[in-house]
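Asks: For reference, the structure I am asking about is given below.
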Amino acid sequence: MQYAEFFERLTGHQPHPYQARLARDDWPEVIDIPTGLGKTDAVVVAWLHRLLHGDADTGRRLIYCLPMRVLVEQTVRVAIDRCARATDLFAARGLPLPSVHAMLGGFVDEQWEGKPEAPAILVGTQDMLLSRALCRGYAMSRYRWPVHFGLLHNDCLWVFDETQLMGVGVETSAQLEGLRRSLGTLGPTRTVWMSATLGRAQLSTVDHPEPAEGYRVMALDPADRDAQLVRQRTGAKKPLSRADVKLSKQAADDYADRVAALAAAAHAERGGLTLLILNRVRRAQDVFRALRARNAEPVALIHSRFRAFDRQRHERLLAGEGSRIVVATQAIEAGVDVSARTLITELAPWPSVVQRLGRCNRYGSEEGASALWLDLDVESDDELSRPYGCSELVQARALLEVLRDGGPDELARVPYAPERVVRPVLRRRDLFDLFDTTPDLLGNEMDVSRYVRDGEDTDVLVYWRTFDGEPEPRVTTPGREESVRVSIGAARDFLEKLKKKRQSLGDGERDRERKTWLTPWALSPLGTRTPWERATNVHPGQVVLLHAGAGGYDGELGWTGEVLPARAVGEVAGDASGSAASELMDSDPETNLNRWVALPLHLSDVAREAAALAASLRLPENTQRAVTTAALWHDVGKAHEEFQRRIVEPVRDDPTLAPPGQGPWAKSSHDKRPPKDVRPYFRHELASALAWLQVGSQSSDHNLVAFLIAAHHGKVRLSIRSVPNERRPPEEARLFARGVWDGDRLPEVRLLDGTVVGPVELDLAPMQLGEGSWLERTLALRDDPALGPFKLALLEAVVRVADWRASEKERRDA
């Protein structure tokens, strides 16, 4: 099948010449194509075609990164459709069909992480994807950060679309590409950047300098420009003028009313879709309310501060037909497949203006289409320019004042030169530091927000539950529909409002109840009995739990920041995610399988899964042996008395739940709490790794196997140290860490292959600094030119996935 036929089968139309070249030639580094000409299909279909034909230079995971969630949802729909149309073609070759997964604030589909050998398309926002690529994944378990880090840096094609809206994310993506090239990966991994307004200087960073011959660029050629559809879209007419309404410090009070009147009059004249794009959520909410007060046409509000459940109601109007008005923010300015007859936009940086004009008469078929821009008096009040810089808006105003049409051909002739912006640059040392996921003694982490988004664009996730007093450990984490992204500044302001409101309340019964409502909660990595702690401050990517009575949100308007509103925030029924209790440092939720599994059997099951997975990934033979050995030893430490007491003693006298023999056991039949006198923070994988260091095979991969054993839960990795509130041994000088005490006796474990481990007295000397220390060993692995952080994290993921798979099979066997 020729590519043109393949493309038409998947999309329903013939490819543009550039789309065909993309499937035939080497992957470019930059795709510079005007909006509306099928860049998403160009990449997705070309990747599917290359995958189908076994292209050795194309990774098995397509990572499609976008600046906004609305673009993610749209791209996911396209990718699912294209994969479905290719089902028979993949089946005919005996190949697995790629799966499609969304990764955006409020919902991250993580099913792909358990299938490293399977092809997949991951579509996500830069927050979700870049934070994971930096080993600090937002809105996910901290203990799975290394898994996503490993899978997102090996055997992948990264595509960054609408890069003009990504800010520092562009420099970070360029640095990561350069670091992957120098540090090495397992499987082909490369990056493509797509935008019609990308400043190439952003791509030239210390580890990703522009080559002498320039970056490889895919652009329209004469054959593309001769096509009728291309001529129609690039030649679309969009008469452009300045509106009479202007926002200034002196005329701010009635601004929303004046904008609403302007929009209503323009809409009455032209009908169709009237689209307003404002720079701040609060101004968009005010204009929406003003239009509602005028009993205007059906009107919707779209911005990034909605729960998905509520936002979808507004988006249905946007995607519909007929006469309607949509008030939006930047959440709609790029890539959204809509065509407005009337566009009204506030003054914005030039790249944003270009993208917003792309939503007007998008296909060149709207009769009487026009665009208006609202001036902002940013010179008199810097606050009016937010979230942008004043100089950016002044530059854009100068270009708009002489422009009479906003069509693509006219915009291409505008002499725009982007300002050089100095942004934080991720360095090699930063990446190495991020590879260590151990929190500091207070549970704090290295903040990666400055590498993910510019300034105030960083967010936290907020969700609501109804509970009495403090949330229980089993309170679930947020599901897909129920959380809302809130800017870090707005979240901190809201927490301060809650604090002041709590302080103003009295001691009556009603006020005491309301005080509990006004307490915000966040997950703590250092918890033992409960994973929740009071949220006194917030950091980017954090998940915050609020009582439904605390407020802050309205289903029609989105995030409002209003404390104790008249109506509580409604919970989204049936949308719960996992239990927060799994975030406890000493928790092992996968230990309960509703059946007892002997330790030697579990070790054998995991080793078998690891061997199969390593072979399917075509890892080097010596690496396959190291992975399989680590899997065979990974839970040897569960023979420790502390672990056996945790799972056996709670049911020892219960004949229906007690184990059927002497053990040692790897999995149990119950989830009952362990005895109160067990050591907190006990980590069996640390005991396993220490046993390997002392009695395991002294091969060249000795340290690699030890690291993979220790890291298989993500809780013991580059360093070994005790944590606050750990129980101390009675002897003053005795070393201790993570519930393991120096000199603890690990009893004999007989593996199914005949190997006998132990008995052995565990030696914690490696936790001390110096020659032969655990830190020295793990840093040597990270810095090894033949291994490095990206490959090491992938091997870590392989062992963990093998453990998950074996445990799931054992669960099903119950």
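Note on naming: chains are A, B, ... as they come in the structure tokens, residues start from 1 per chain, ligands start from 1 in the order shown.
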Could you give me the residues within range 300-359 of chain A that DSSP places in strand (DSSP E or B), as a PyMOL selection string?

Replies: chain A and resi 300-302+324-328+340+342-346

Asks: Can you build me a table of range 27-106 of chain A residues sitting at most 8 Å from range 9-14 of chain A, with the closest atom pair per residue and its distance in Å to one decimal, using only C-alpha atoms, sorted by chain and residue number, as JSON lines?

Replies:
{"residue": "A:Asp41", "atom": "CA", "partner": "A:Thr11", "partner_atom": "CA", "distance": 7.7}
{"residue": "A:Val45", "atom": "CA", "partner": "A:Leu10", "partner_atom": "CA", "distance": 7.4}
{"residue": "A:Asp81", "atom": "CA", "partner": "A:Leu10", "partner_atom": "CA", "distance": 7.9}
{"residue": "A:Arg82", "atom": "CA", "partner": "A:Leu10", "partner_atom": "CA", "distance": 5.3}
{"residue": "A:Cys83", "atom": "CA", "partner": "A:Leu10", "partner_atom": "CA", "distance": 7.9}
{"residue": "A:Arg85", "atom": "CA", "partner": "A:Leu10", "partner_atom": "CA", "distance": 5.4}
{"residue": "A:Ala86", "atom": "CA", "partner": "A:Leu10", "partner_atom": "CA", "distance": 6.6}

Asks: Point out the residue among A:Leu762, A:Leu22, A:Leu557, A:Val695 with the least atom-to-atom distance to Ala284 in chain A, counting only C-alpha atoms.

Replies: A:Leu557

Asks: Enumerate, in order of chain and increasing residue number, the residues of range 256-338 of chain A with an atom no farther than 6 Å from range 483-487 of chain A, each with its shortest atom pair and distance in Å to one decimal, counting only C-alpha atoms, as JSON lines.

Replies:
{"residue": "A:Arg305", "atom": "CA", "partner": "A:Arg485", "partner_atom": "CA", "distance": 5.5}
{"residue": "A:Phe306", "atom": "CA", "partner": "A:Val484", "partner_atom": "CA", "distance": 5.6}
{"residue": "A:Arg307", "atom": "CA", "partner": "A:Val484", "partner_atom": "CA", "distance": 4.7}

Asks: What does the structure give for the distance between CA of His634 in chain A and CA of Ser688 in chain A, in Å to one decimal?

Replies: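 These two atoms are separated by 6.1 Å.
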